[in-house]
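Visitor: There's a structure below that I have some questions on.
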Amino acid sequence: RILDRRGTFYMNPASYHRYDLAADVLDSLDTAGTVALYRELRPLIDEAYREISPPGSDFEDRLLAAIDHLLAVKAPTGDIELEERTVATFAYADESLESLSDAQRHLLRMGPNNVRRVQEKLQELREALLLTV
């Protein structure tokens, strides 16, 4: 959802709440239990990943890279200006936001509070993964 303020468009903060449940679920994960389950399932995950990945690619390396990719997002504060691209299609007016990857832009759409919650849990998981290698 957007806000139209005299022809200038902004992200509507009310739209962030559609992601609250996803952030709640991630935030509710027990970090140690999640990592223990991952370690238990890792042989199966690695086997499945080898079937679809480039030779020499390691799932855990990709997982950590994906976590780092989302941790690199800096949630903007204040109003986020949008620009209309086509009818009912908007993009971030700030090129530093629009040039982020699809995953990073989607994370931003969750809103500053949910971004913080997701990133905090991802950081916990990342640290736990590295401690249990």
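Chain labels follow the order of the structure tokens: the first chain is A, the next B, and so on; residue numbering restarts at 1 in every chain, and ligands are counted from 1 in their shown order.
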If you run DSSP on this backbone, which residues of chain A come out as strand (DSSP E or B), and could you give them as a list in words?

Guide: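 Assigned to strand (DSSP E or B), within chain A: Ile2, Leu3, Asp4, Arg5, Thr8, Phe9, Tyr10, Met11, Glu81, Leu82, Glu83, Glu84, Arg85, Thr86, Thr89, Phe90, Ala91 and Tyr92 of chain A.
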
Visitor: Could you find all residues in chain A that DSSP calls helix (DSSP H, G or I) from the backbone, and write them as a PDB file with N, CA, C and O atoms, in the first residue's frame?

Guide:
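File produced: result_12.pdb:
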ATOM      1  N   PRO A  13       3.204   2.807   6.048  1.00  0.00           N
ATOM      2  CA  PRO A  13       3.653   1.964   7.158  1.00  0.00           C
ATOM      3  C   PRO A  13       2.633   0.905   7.588  1.00  0.00           C
ATOM      4  O   PRO A  13       3.009  -0.123   8.135  1.00  0.00           O
ATOM      5  N   ALA A  14       1.365   1.130   7.319  1.00  0.00           N
ATOM      6  CA  ALA A  14       0.350   0.135   7.675  1.00  0.00           C
ATOM      7  C   ALA A  14       0.571  -1.178   6.917  1.00  0.00           C
ATOM      8  O   ALA A  14       0.198  -2.250   7.402  1.00  0.00           O
ATOM      9  N   SER A  15       1.220  -1.109   5.750  1.00  0.00           N
ATOM     10  CA  SER A  15       1.433  -2.324   4.963  1.00  0.00           C
ATOM     11  C   SER A  15       2.497  -3.231   5.578  1.00  0.00           C
ATOM     12  O   SER A  15       2.578  -4.409   5.247  1.00  0.00           O
ATOM     13  N   TYR A  16       3.299  -2.700   6.481  1.00  0.00           N
ATOM     14  CA  TYR A  16       4.336  -3.519   7.114  1.00  0.00           C
ATOM     15  C   TYR A  16       3.728  -4.641   7.946  1.00  0.00           C
ATOM     16  O   TYR A  16       4.340  -5.703   8.115  1.00  0.00           O
ATOM     17  N   HIS A  17       2.549  -4.431   8.478  1.00  0.00           N
ATOM     18  CA  HIS A  17       1.950  -5.399   9.393  1.00  0.00           C
ATOM     19  C   HIS A  17       1.606  -6.723   8.721  1.00  0.00           C
ATOM     20  O   HIS A  17       1.469  -7.739   9.407  1.00  0.00           O
ATOM     21  N   ARG A  18       1.519  -6.739   7.407  1.00  0.00           N
ATOM     22  CA  ARG A  18       1.229  -8.006   6.730  1.00  0.00           C
ATOM     23  C   ARG A  18       2.373  -8.999   6.910  1.00  0.00           C
ATOM     24  O   ARG A  18       2.213 -10.194   6.678  1.00  0.00           O
ATOM     25  N   TYR A  19       3.541  -8.509   7.325  1.00  0.00           N
ATOM     26  CA  TYR A  19       4.703  -9.370   7.534  1.00  0.00           C
ATOM     27  C   TYR A  19       4.951  -9.690   9.008  1.00  0.00           C
ATOM     28  O   TYR A  19       5.922 -10.380   9.328  1.00  0.00           O
ATOM     29  N   ASP A  20       4.118  -9.201   9.893  1.00  0.00           N
ATOM     30  CA  ASP A  20       4.323  -9.438  11.319  1.00  0.00           C
ATOM     31  C   ASP A  20       4.364 -10.925  11.659  1.00  0.00           C
ATOM     32  O   ASP A  20       5.203 -11.361  12.448  1.00  0.00           O
ATOM     33  N   LEU A  21       3.473 -11.707  11.081  1.00  0.00           N
ATOM     34  CA  LEU A  21       3.430 -13.132  11.391  1.00  0.00           C
ATOM     35  C   LEU A  21       4.730 -13.819  10.965  1.00  0.00           C
ATOM     36  O   LEU A  21       5.275 -14.646  11.712  1.00  0.00           O
ATOM     37  N   ALA A  22       5.240 -13.494   9.797  1.00  0.00           N
ATOM     38  CA  ALA A  22       6.503 -14.093   9.339  1.00  0.00           C
ATOM     39  C   ALA A  22       7.633 -13.733  10.300  1.00  0.00           C
ATOM     40  O   ALA A  22       8.457 -14.594  10.660  1.00  0.00           O
ATOM     41  N   ALA A  23       7.695 -12.481  10.716  1.00  0.00           N
ATOM     42  CA  ALA A  23       8.727 -12.062  11.666  1.00  0.00           C
ATOM     43  C   ALA A  23       8.520 -12.743  13.018  1.00  0.00           C
ATOM     44  O   ALA A  23       9.494 -13.152  13.666  1.00  0.00           O
ATOM     45  N   ASP A  24       7.253 -12.893  13.437  1.00  0.00           N
ATOM     46  CA  ASP A  24       6.952 -13.575  14.702  1.00  0.00           C
ATOM     47  C   ASP A  24       7.452 -15.017  14.674  1.00  0.00           C
ATOM     48  O   ASP A  24       8.042 -15.499  15.642  1.00  0.00           O
ATOM     49  N   VAL A  25       7.194 -15.710  13.571  1.00  0.00           N
ATOM     50  CA  VAL A  25       7.600 -17.114  13.454  1.00  0.00           C
ATOM     51  C   VAL A  25       9.121 -17.229  13.510  1.00  0.00           C
ATOM     52  O   VAL A  25       9.665 -18.036  14.268  1.00  0.00           O
ATOM     53  N   LEU A  26       9.818 -16.431  12.730  1.00  0.00           N
ATOM     54  CA  LEU A  26      11.277 -16.484  12.739  1.00  0.00           C
ATOM     55  C   LEU A  26      11.820 -16.132  14.122  1.00  0.00           C
ATOM     56  O   LEU A  26      12.707 -16.812  14.649  1.00  0.00           O
ATOM     57  N   ASP A  27      11.261 -15.097  14.716  1.00  0.00           N
ATOM     58  CA  ASP A  27      11.712 -14.641  16.033  1.00  0.00           C
ATOM     59  C   ASP A  27      11.474 -15.700  17.110  1.00  0.00           C
ATOM     60  O   ASP A  27      12.199 -15.773  18.095  1.00  0.00           O
ATOM     61  N   SER A  28      10.462 -16.542  16.925  1.00  0.00           N
ATOM     62  CA  SER A  28      10.118 -17.552  17.937  1.00  0.00           C
ATOM     63  C   SER A  28      11.035 -18.772  17.898  1.00  0.00           C
ATOM     64  O   SER A  28      11.008 -19.584  18.820  1.00  0.00           O
ATOM     65  N   THR A  31      17.180 -20.690  18.807  1.00  0.00           N
ATOM     66  CA  THR A  31      18.391 -20.673  17.992  1.00  0.00           C
ATOM     67  C   THR A  31      19.187 -21.968  18.143  1.00  0.00           C
ATOM     68  O   THR A  31      19.556 -22.604  17.153  1.00  0.00           O
ATOM     69  N   ALA A  32      19.449 -22.387  19.374  1.00  0.00           N
ATOM     70  CA  ALA A  32      20.235 -23.605  19.589  1.00  0.00           C
ATOM     71  C   ALA A  32      19.525 -24.826  19.000  1.00  0.00           C
ATOM     72  O   ALA A  32      20.152 -25.679  18.355  1.00  0.00           O
ATOM     73  N   GLY A  33      18.218 -24.903  19.204  1.00  0.00           N
ATOM     74  CA  GLY A  33      17.449 -26.023  18.659  1.00  0.00           C
ATOM     75  C   GLY A  33      17.421 -26.019  17.146  1.00  0.00           C
ATOM     76  O   GLY A  33      17.503 -27.081  16.504  1.00  0.00           O
ATOM     77  N   THR A  34      17.313 -24.846  16.555  1.00  0.00           N
ATOM     78  CA  THR A  34      17.293 -24.731  15.099  1.00  0.00           C
ATOM     79  C   THR A  34      18.620 -25.183  14.508  1.00  0.00           C
ATOM     80  O   THR A  34      18.664 -25.933  13.529  1.00  0.00           O
ATOM     81  N   VAL A  35      19.714 -24.742  15.106  1.00  0.00           N
ATOM     82  CA  VAL A  35      21.039 -25.123  14.612  1.00  0.00           C
ATOM     83  C   VAL A  35      21.272 -26.620  14.829  1.00  0.00           C
ATOM     84  O   VAL A  35      21.826 -27.303  13.962  1.00  0.00           O
ATOM     85  N   ALA A  36      20.825 -27.158  15.977  1.00  0.00           N
ATOM     86  CA  ALA A  36      20.976 -28.600  16.227  1.00  0.00           C
ATOM     87  C   ALA A  36      20.210 -29.411  15.182  1.00  0.00           C
ATOM     88  O   ALA A  36      20.723 -30.416  14.666  1.00  0.00           O
ATOM     89  N   LEU A  37      18.986 -28.994  14.867  1.00  0.00           N
ATOM     90  CA  LEU A  37      18.201 -29.683  13.844  1.00  0.00           C
ATOM     91  C   LEU A  37      18.878 -29.581  12.483  1.00  0.00           C
ATOM     92  O   LEU A  37      18.965 -30.563  11.744  1.00  0.00           O
ATOM     93  N   TYR A  38      19.393 -28.401  12.157  1.00  0.00           N
ATOM     94  CA  TYR A  38      20.116 -28.220  10.894  1.00  0.00           C
ATOM     95  C   TYR A  38      21.314 -29.167  10.832  1.00  0.00           C
ATOM     96  O   TYR A  38      21.552 -29.823   9.820  1.00  0.00           O
ATOM     97  N   ARG A  39      22.085 -29.250  11.911  1.00  0.00           N
ATOM     98  CA  ARG A  39      23.264 -30.126  11.938  1.00  0.00           C
ATOM     99  C   ARG A  39      22.850 -31.593  11.738  1.00  0.00           C
ATOM    100  O   ARG A  39      23.527 -32.354  11.058  1.00  0.00           O
ATOM    101  N   GLU A  40      21.730 -31.976  12.334  1.00  0.00           N
ATOM    102  CA  GLU A  40      21.238 -33.343  12.182  1.00  0.00           C
ATOM    103  C   GLU A  40      20.815 -33.626  10.737  1.00  0.00           C
ATOM    104  O   GLU A  40      21.049 -34.718  10.212  1.00  0.00           O
ATOM    105  N   LEU A  41      20.196 -32.642  10.112  1.00  0.00           N
ATOM    106  CA  LEU A  41      19.703 -32.815   8.742  1.00  0.00           C
ATOM    107  C   LEU A  41      20.743 -32.470   7.675  1.00  0.00           C
ATOM    108  O   LEU A  41      20.500 -32.696   6.492  1.00  0.00           O
ATOM    109  N   ARG A  42      21.872 -31.930   8.088  1.00  0.00           N
ATOM    110  CA  ARG A  42      22.850 -31.437   7.119  1.00  0.00           C
ATOM    111  C   ARG A  42      23.266 -32.476   6.074  1.00  0.00           C
ATOM    112  O   ARG A  42      23.368 -32.136   4.889  1.00  0.00           O
ATOM    113  N   PRO A  43      23.501 -33.736   6.435  1.00  0.00           N
ATOM    114  CA  PRO A  43      23.865 -34.689   5.378  1.00  0.00           C
ATOM    115  C   PRO A  43      22.807 -34.785   4.269  1.00  0.00           C
ATOM    116  O   PRO A  43      23.140 -34.841   3.084  1.00  0.00           O
ATOM    117  N   LEU A  44      21.542 -34.772   4.651  1.00  0.00           N
ATOM    118  CA  LEU A  44      20.465 -34.826   3.650  1.00  0.00           C
ATOM    119  C   LEU A  44      20.389 -33.527   2.847  1.00  0.00           C
ATOM    120  O   LEU A  44      20.167 -33.541   1.631  1.00  0.00           O
ATOM    121  N   ILE A  45      20.569 -32.422   3.539  1.00  0.00           N
ATOM    122  CA  ILE A  45      20.554 -31.118   2.866  1.00  0.00           C
ATOM    123  C   ILE A  45      21.700 -31.042   1.867  1.00  0.00           C
ATOM    124  O   ILE A  45      21.509 -30.622   0.720  1.00  0.00           O
ATOM    125  N   ASP A  46      22.897 -31.458   2.297  1.00  0.00           N
ATOM    126  CA  ASP A  46      24.055 -31.430   1.404  1.00  0.00           C
ATOM    127  C   ASP A  46      23.844 -32.325   0.187  1.00  0.00           C
ATOM    128  O   ASP A  46      24.187 -31.952  -0.935  1.00  0.00           O
ATOM    129  N   GLU A  47      23.259 -33.491   0.418  1.00  0.00           N
ATOM    130  CA  GLU A  47      22.998 -34.415  -0.695  1.00  0.00           C
ATOM    131  C   GLU A  47      22.040 -33.792  -1.710  1.00  0.00           C
ATOM    132  O   GLU A  47      22.283 -33.832  -2.918  1.00  0.00           O
ATOM    133  N   ALA A  48      20.968 -33.206  -1.223  1.00  0.00           N
ATOM    134  CA  ALA A  48      20.004 -32.564  -2.117  1.00  0.00           C
ATOM    135  C   ALA A  48      20.628 -31.350  -2.815  1.00  0.00           C
ATOM    136  O   ALA A  48      20.405 -31.130  -4.013  1.00  0.00           O
ATOM    137  N   TYR A  49      21.426 -30.593  -2.078  1.00  0.00           N
ATOM    138  CA  TYR A  49      22.047 -29.398  -2.648  1.00  0.00           C
ATOM    139  C   TYR A  49      23.035 -29.765  -3.755  1.00  0.00           C
ATOM    140  O   TYR A  49      23.111 -29.071  -4.777  1.00  0.00           O
ATOM    141  N   ARG A  50      23.780 -30.856  -3.583  1.00  0.00           N
ATOM    142  CA  ARG A  50      24.737 -31.280  -4.617  1.00  0.00           C
ATOM    143  C   ARG A  50      24.036 -31.557  -5.945  1.00  0.00           C
ATOM    144  O   ARG A  50      24.627 -31.399  -7.013  1.00  0.00           O
ATOM    145  N   GLU A  51      22.782 -31.986  -5.890  1.00  0.00           N
ATOM    146  CA  GLU A  51      22.042 -32.296  -7.113  1.00  0.00           C
ATOM    147  C   GLU A  51      21.697 -31.050  -7.927  1.00  0.00           C
ATOM    148  O   GLU A  51      21.476 -31.142  -9.125  1.00  0.00           O
ATOM    149  N   ILE A  52      21.632 -29.895  -7.277  1.00  0.00           N
ATOM    150  CA  ILE A  52      21.197 -28.680  -7.984  1.00  0.00           C
ATOM    151  C   ILE A  52      22.251 -27.577  -8.033  1.00  0.00           C
ATOM    152  O   ILE A  52      22.053 -26.571  -8.693  1.00  0.00           O
ATOM    153  N   PHE A  59      26.530 -25.930   0.638  1.00  0.00           N
ATOM    154  CA  PHE A  59      25.279 -25.350   1.099  1.00  0.00           C
ATOM    155  C   PHE A  59      25.486 -24.380   2.258  1.00  0.00           C
ATOM    156  O   PHE A  59      24.928 -23.288   2.271  1.00  0.00           O
ATOM    157  N   GLU A  60      26.271 -24.777   3.251  1.00  0.00           N
ATOM    158  CA  GLU A  60      26.438 -23.903   4.413  1.00  0.00           C
ATOM    159  C   GLU A  60      27.103 -22.583   4.030  1.00  0.00           C
ATOM    160  O   GLU A  60      26.747 -21.534   4.562  1.00  0.00           O
ATOM    161  N   ASP A  61      28.041 -22.633   3.095  1.00  0.00           N
ATOM    162  CA  ASP A  61      28.640 -21.381   2.605  1.00  0.00           C
ATOM    163  C   ASP A  61      27.568 -20.492   1.985  1.00  0.00           C
ATOM    164  O   ASP A  61      27.544 -19.278   2.202  1.00  0.00           O
ATOM    165  N   ARG A  62      26.678 -21.091   1.194  1.00  0.00           N
ATOM    166  CA  ARG A  62      25.591 -20.332   0.563  1.00  0.00           C
ATOM    167  C   ARG A  62      24.613 -19.812   1.605  1.00  0.00           C
ATOM    168  O   ARG A  62      24.124 -18.691   1.492  1.00  0.00           O
ATOM    169  N   LEU A  63      24.321 -20.619   2.611  1.00  0.00           N
ATOM    170  CA  LEU A  63      23.419 -20.202   3.681  1.00  0.00           C
ATOM    171  C   LEU A  63      23.989 -19.000   4.417  1.00  0.00           C
ATOM    172  O   LEU A  63      23.295 -18.004   4.631  1.00  0.00           O
ATOM    173  N   LEU A  64      25.257 -19.072   4.792  1.00  0.00           N
ATOM    174  CA  LEU A  64      25.891 -17.947   5.488  1.00  0.00           C
ATOM    175  C   LEU A  64      25.957 -16.713   4.599  1.00  0.00           C
ATOM    176  O   LEU A  64      25.747 -15.594   5.072  1.00  0.00           O
ATOM    177  N   ALA A  65      26.222 -16.912   3.307  1.00  0.00           N
ATOM    178  CA  ALA A  65      26.242 -15.777   2.371  1.00  0.00           C
ATOM    179  C   ALA A  65      24.856 -15.139   2.267  1.00  0.00           C
ATOM    180  O   ALA A  65      24.726 -13.908   2.215  1.00  0.00           O
ATOM    181  N   ALA A  66      23.808 -15.966   2.261  1.00  0.00           N
ATOM    182  CA  ALA A  66      22.444 -15.433   2.192  1.00  0.00           C
ATOM    183  C   ALA A  66      22.106 -14.651   3.461  1.00  0.00           C
ATOM    184  O   ALA A  66      21.489 -13.574   3.398  1.00  0.00           O
ATOM    185  N   ILE A  67      22.512 -15.175   4.604  1.00  0.00           N
ATOM    186  CA  ILE A  67      22.281 -14.462   5.860  1.00  0.00           C
ATOM    187  C   ILE A  67      23.021 -13.130   5.836  1.00  0.00           C
ATOM    188  O   ILE A  67      22.450 -12.084   6.163  1.00  0.00           O
ATOM    189  N   ASP A  68      24.297 -13.149   5.443  1.00  0.00           N
ATOM    190  CA  ASP A  68      25.080 -11.912   5.376  1.00  0.00           C
ATOM    191  C   ASP A  68      24.450 -10.908   4.410  1.00  0.00           C
ATOM    192  O   ASP A  68      24.453  -9.704   4.672  1.00  0.00           O
ATOM    193  N   HIS A  69      23.908 -11.411   3.321  1.00  0.00           N
ATOM    194  CA  HIS A  69      23.259 -10.552   2.317  1.00  0.00           C
ATOM    195  C   HIS A  69      22.082  -9.796   2.936  1.00  0.00           C
ATOM    196  O   HIS A  69      21.919  -8.596   2.709  1.00  0.00           O
ATOM    197  N   LEU A  70      21.291 -10.473   3.750  1.00  0.00           N
ATOM    198  CA  LEU A  70      20.149  -9.814   4.387  1.00  0.00           C
ATOM    199  C   LEU A  70      20.581  -8.952   5.569  1.00  0.00           C
ATOM    200  O   LEU A  70      19.965  -7.920   5.845  1.00  0.00           O
ATOM    201  N   LEU A  71      21.642  -9.349   6.252  1.00  0.00           N
ATOM    202  CA  LEU A  71      22.140  -8.528   7.351  1.00  0.00           C
ATOM    203  C   LEU A  71      22.721  -7.202   6.853  1.00  0.00           C
ATOM    204  O   LEU A  71      22.802  -6.232   7.614  1.00  0.00           O
ATOM    205  N   GLU A  95      17.704   5.504  -5.213  1.00  0.00           N
ATOM    206  CA  GLU A  95      18.402   4.501  -6.022  1.00  0.00           C
ATOM    207  C   GLU A  95      19.196   3.519  -5.163  1.00  0.00           C
ATOM    208  O   GLU A  95      19.357   2.365  -5.531  1.00  0.00           O
ATOM    209  N   SER A  96      19.670   3.961  -3.988  1.00  0.00           N
ATOM    210  CA  SER A  96      20.409   3.028  -3.123  1.00  0.00           C
ATOM    211  C   SER A  96      19.495   1.920  -2.603  1.00  0.00           C
ATOM    212  O   SER A  96      19.958   0.818  -2.306  1.00  0.00           O
ATOM    213  N   LEU A  97      18.208   2.193  -2.500  1.00  0.00           N
ATOM    214  CA  LEU A  97      17.245   1.165  -2.101  1.00  0.00           C
ATOM    215  C   LEU A  97      16.805   0.344  -3.305  1.00  0.00           C
ATOM    216  O   LEU A  97      16.733  -0.879  -3.243  1.00  0.00           O
ATOM    217  N   GLU A  98      16.530   1.003  -4.404  1.00  0.00           N
ATOM    218  CA  GLU A  98      16.055   0.308  -5.599  1.00  0.00           C
ATOM    219  C   GLU A  98      17.127  -0.622  -6.166  1.00  0.00           C
ATOM    220  O   GLU A  98      16.815  -1.645  -6.769  1.00  0.00           O
ATOM    221  N   ASP A 102      16.578  -8.387  -5.039  1.00  0.00           N
ATOM    222  CA  ASP A 102      15.161  -8.662  -4.805  1.00  0.00           C
ATOM    223  C   ASP A 102      14.920  -9.068  -3.351  1.00  0.00           C
ATOM    224  O   ASP A 102      13.970  -8.614  -2.718  1.00  0.00           O
ATOM    225  N   ALA A 103      15.778  -9.933  -2.815  1.00  0.00           N
ATOM    226  CA  ALA A 103      15.617 -10.397  -1.438  1.00  0.00           C
ATOM    227  C   ALA A 103      15.759  -9.246  -0.447  1.00  0.00           C
ATOM    228  O   ALA A 103      14.995  -9.142   0.519  1.00  0.00           O
ATOM    229  N   GLN A 104      16.723  -8.369  -0.682  1.00  0.00           N
ATOM    230  CA  GLN A 104      16.925  -7.238   0.219  1.00  0.00           C
ATOM    231  C   GLN A 104      15.758  -6.258   0.145  1.00  0.00           C
ATOM    232  O   GLN A 104      15.301  -5.749   1.170  1.00  0.00           O
ATOM    233  N   ARG A 105      15.253  -5.991  -1.058  1.00  0.00           N
ATOM    234  CA  ARG A 105      14.093  -5.094  -1.184  1.00  0.00           C
ATOM    235  C   ARG A 105      12.866  -5.706  -0.522  1.00  0.00           C
ATOM    236  O   ARG A 105      12.076  -5.013   0.103  1.00  0.00           O
ATOM    237  N   HIS A 106      12.715  -7.021  -0.654  1.00  0.00           N
ATOM    238  CA  HIS A 106      11.573  -7.665  -0.003  1.00  0.00           C
ATOM    239  C   HIS A 106      11.695  -7.545   1.508  1.00  0.00           C
ATOM    240  O   HIS A 106      10.701  -7.295   2.193  1.00  0.00           O
ATOM    241  N   LEU A 107      12.887  -7.712   2.034  1.00  0.00           N
ATOM    242  CA  LEU A 107      13.088  -7.531   3.468  1.00  0.00           C
ATOM    243  C   LEU A 107      12.690  -6.122   3.886  1.00  0.00           C
ATOM    244  O   LEU A 107      12.014  -5.936   4.896  1.00  0.00           O
ATOM    245  N   LEU A 108      13.065  -5.118   3.108  1.00  0.00           N
ATOM    246  CA  LEU A 108      12.689  -3.730   3.424  1.00  0.00           C
ATOM    247  C   LEU A 108      11.177  -3.548   3.491  1.00  0.00           C
ATOM    248  O   LEU A 108      10.682  -2.774   4.302  1.00  0.00           O
ATOM    249  N   ARG A 109      10.463  -4.268   2.633  1.00  0.00           N
ATOM    250  CA  ARG A 109       8.998  -4.141   2.611  1.00  0.00           C
ATOM    251  C   ARG A 109       8.358  -4.614   3.912  1.00  0.00           C
ATOM    252  O   ARG A 109       7.201  -4.320   4.180  1.00  0.00           O
ATOM    253  N   PRO A 112      10.659  -1.327   9.186  1.00  0.00           N
ATOM    254  CA  PRO A 112      11.835  -1.218  10.049  1.00  0.00           C
ATOM    255  C   PRO A 112      11.811  -2.137  11.266  1.00  0.00           C
ATOM    256  O   PRO A 112      12.816  -2.751  11.606  1.00  0.00           O
ATOM    257  N   ASN A 113      10.684  -2.269  11.941  1.00  0.00           N
ATOM    258  CA  ASN A 113      10.611  -3.115  13.125  1.00  0.00           C
ATOM    259  C   ASN A 113      10.825  -4.581  12.767  1.00  0.00           C
ATOM    260  O   ASN A 113      11.595  -5.288  13.426  1.00  0.00           O
ATOM    261  N   ASN A 114      10.167  -5.057  11.725  1.00  0.00           N
ATOM    262  CA  ASN A 114      10.320  -6.451  11.322  1.00  0.00           C
ATOM    263  C   ASN A 114      11.715  -6.708  10.747  1.00  0.00           C
ATOM    264  O   ASN A 114      12.272  -7.787  10.946  1.00  0.00           O
ATOM    265  N   VAL A 115      12.280  -5.740  10.043  1.00  0.00           N
ATOM    266  CA  VAL A 115      13.649  -5.889   9.541  1.00  0.00           C
ATOM    267  C   VAL A 115      14.590  -6.111  10.718  1.00  0.00           C
ATOM    268  O   VAL A 115      15.424  -7.025  10.705  1.00  0.00           O
ATOM    269  N   ARG A 116      14.441  -5.301  11.737  1.00  0.00           N
ATOM    270  CA  ARG A 116      15.295  -5.429  12.924  1.00  0.00           C
ATOM    271  C   ARG A 116      15.136  -6.801  13.561  1.00  0.00           C
ATOM    272  O   ARG A 116      16.116  -7.474  13.886  1.00  0.00           O
ATOM    273  N   ARG A 117      13.898  -7.251  13.727  1.00  0.00           N
ATOM    274  CA  ARG A 117      13.639  -8.549  14.358  1.00  0.00           C
ATOM    275  C   ARG A 117      14.217  -9.700  13.534  1.00  0.00           C
ATOM    276  O   ARG A 117      14.852 -10.611  14.082  1.00  0.00           O
ATOM    277  N   VAL A 118      14.008  -9.654  12.236  1.00  0.00           N
ATOM    278  CA  VAL A 118      14.529 -10.704  11.358  1.00  0.00           C
ATOM    279  C   VAL A 118      16.054 -10.698  11.387  1.00  0.00           C
ATOM    280  O   VAL A 118      16.694 -11.756  11.509  1.00  0.00           O
ATOM    281  N   GLN A 119      16.650  -9.523  11.296  1.00  0.00           N
ATOM    282  CA  GLN A 119      18.103  -9.456  11.291  1.00  0.00           C
ATOM    283  C   GLN A 119      18.701  -9.905  12.622  1.00  0.00           C
ATOM    284  O   GLN A 119      19.754 -10.551  12.636  1.00  0.00           O
ATOM    285  N   GLU A 120      18.059  -9.581  13.725  1.00  0.00           N
ATOM    286  CA  GLU A 120      18.560 -10.043  15.022  1.00  0.00           C
ATOM    287  C   GLU A 120      18.577 -11.566  15.093  1.00  0.00           C
ATOM    288  O   GLU A 120      19.546 -12.172  15.550  1.00  0.00           O
ATOM    289  N   LYS A 121      17.504 -12.206  14.626  1.00  0.00           N
ATOM    290  CA  LYS A 121      17.455 -13.671  14.648  1.00  0.00           C
ATOM    291  C   LYS A 121      18.455 -14.259  13.662  1.00  0.00           C
ATOM    292  O   LYS A 121      19.140 -15.245  13.970  1.00  0.00           O
ATOM    293  N   LEU A 122      18.583 -13.662  12.487  1.00  0.00           N
ATOM    294  CA  LEU A 122      19.570 -14.147  11.526  1.00  0.00           C
ATOM    295  C   LEU A 122      20.979 -14.046  12.088  1.00  0.00           C
ATOM    296  O   LEU A 122      21.806 -14.951  11.898  1.00  0.00           O
ATOM    297  N   GLN A 123      21.266 -12.958  12.802  1.00  0.00           N
ATOM    298  CA  GLN A 123      22.589 -12.797  13.413  1.00  0.00           C
ATOM    299  C   GLN A 123      22.818 -13.869  14.471  1.00  0.00           C
ATOM    300  O   GLN A 123      23.897 -14.460  14.530  1.00  0.00           O
ATOM    301  N   GLU A 124      21.812 -14.151  15.287  1.00  0.00           N
ATOM    302  CA  GLU A 124      21.918 -15.216  16.286  1.00  0.00           C
ATOM    303  C   GLU A 124      22.196 -16.561  15.618  1.00  0.00           C
ATOM    304  O   GLU A 124      23.060 -17.325  16.063  1.00  0.00           O
ATOM    305  N   LEU A 125      21.436 -16.854  14.571  1.00  0.00           N
ATOM    306  CA  LEU A 125      21.616 -18.122  13.859  1.00  0.00           C
ATOM    307  C   LEU A 125      22.996 -18.208  13.223  1.00  0.00           C
ATOM    308  O   LEU A 125      23.657 -19.246  13.285  1.00  0.00           O
ATOM    309  N   ARG A 126      23.434 -17.109  12.642  1.00  0.00           N
ATOM    310  CA  ARG A 126      24.757 -17.072  12.009  1.00  0.00           C
ATOM    311  C   ARG A 126      25.847 -17.373  13.033  1.00  0.00           C
ATOM    312  O   ARG A 126      26.744 -18.185  12.798  1.00  0.00           O
ATOM    313  N   GLU A 127      25.777 -16.698  14.163  1.00  0.00           N
ATOM    314  CA  GLU A 127      26.784 -16.911  15.199  1.00  0.00           C
ATOM    315  C   GLU A 127      26.749 -18.344  15.720  1.00  0.00           C
ATOM    316  O   GLU A 127      27.792 -18.957  15.924  1.00  0.00           O
ATOM    317  N   ALA A 128      25.568 -18.885  15.917  1.00  0.00           N
ATOM    318  CA  ALA A 128      25.443 -20.263  16.398  1.00  0.00           C
ATOM    319  C   ALA A 128      25.963 -21.260  15.374  1.00  0.00           C
ATOM    320  O   ALA A 128      26.600 -22.255  15.733  1.00  0.00           O
ATOM    321  N   LEU A 129      25.704 -21.003  14.101  1.00  0.00           N
ATOM    322  CA  LEU A 129      26.213 -21.885  13.044  1.00  0.00           C
ATOM    323  C   LEU A 129      27.739 -21.897  13.040  1.00  0.00           C
ATOM    324  O   LEU A 129      28.370 -22.949  12.913  1.00  0.00           O
ATOM    325  N   LEU A 130      28.331 -20.748  13.191  1.00  0.00           N
ATOM    326  CA  LEU A 130      29.785 -20.656  13.163  1.00  0.00           C
ATOM    327  C   LEU A 130      30.424 -21.269  14.411  1.00  0.00           C
ATOM    328  O   LEU A 130      31.545 -21.773  14.357  1.00  0.00           O
ATOM    329  N   LEU A 131      29.713 -21.217  15.529  1.00  0.00           N
ATOM    330  CA  LEU A 131      30.241 -21.787  16.769  1.00  0.00           C
ATOM    331  C   LEU A 131      30.199 -23.315  16.779  1.00  0.00           C
ATOM    332  O   LEU A 131      30.953 -23.955  17.485  1.00  0.00           O
TER     333      LEU A 131
END

Visitor: How many Å lie between atom CA of A:Leu82 and atom CA of A:Phe9, rounded to one decimal?

Guide: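 Atom-to-atom, atom CA of A:Leu82 and atom CA of A:Phe9 are spaced 5.2 Å apart.
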
Visitor: Find the residues around A:Glu83 up to 12 Å (only C-alpha atoms counted), leave out those fewer than 4 positions away in its own chain, and share them as an NGL selection string.

Guide: :A and (2-4 or 7-11 or 87-95 or 98)

Visitor: Could you tell me how far atom CA of A:Leu29 sits from atom CA of A:Thr132, in Å to one decimal place?

Guide: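 Straight-line distance from atom CA of A:Thr132 to atom CA of A:Leu29 works out to 17.2 Å.
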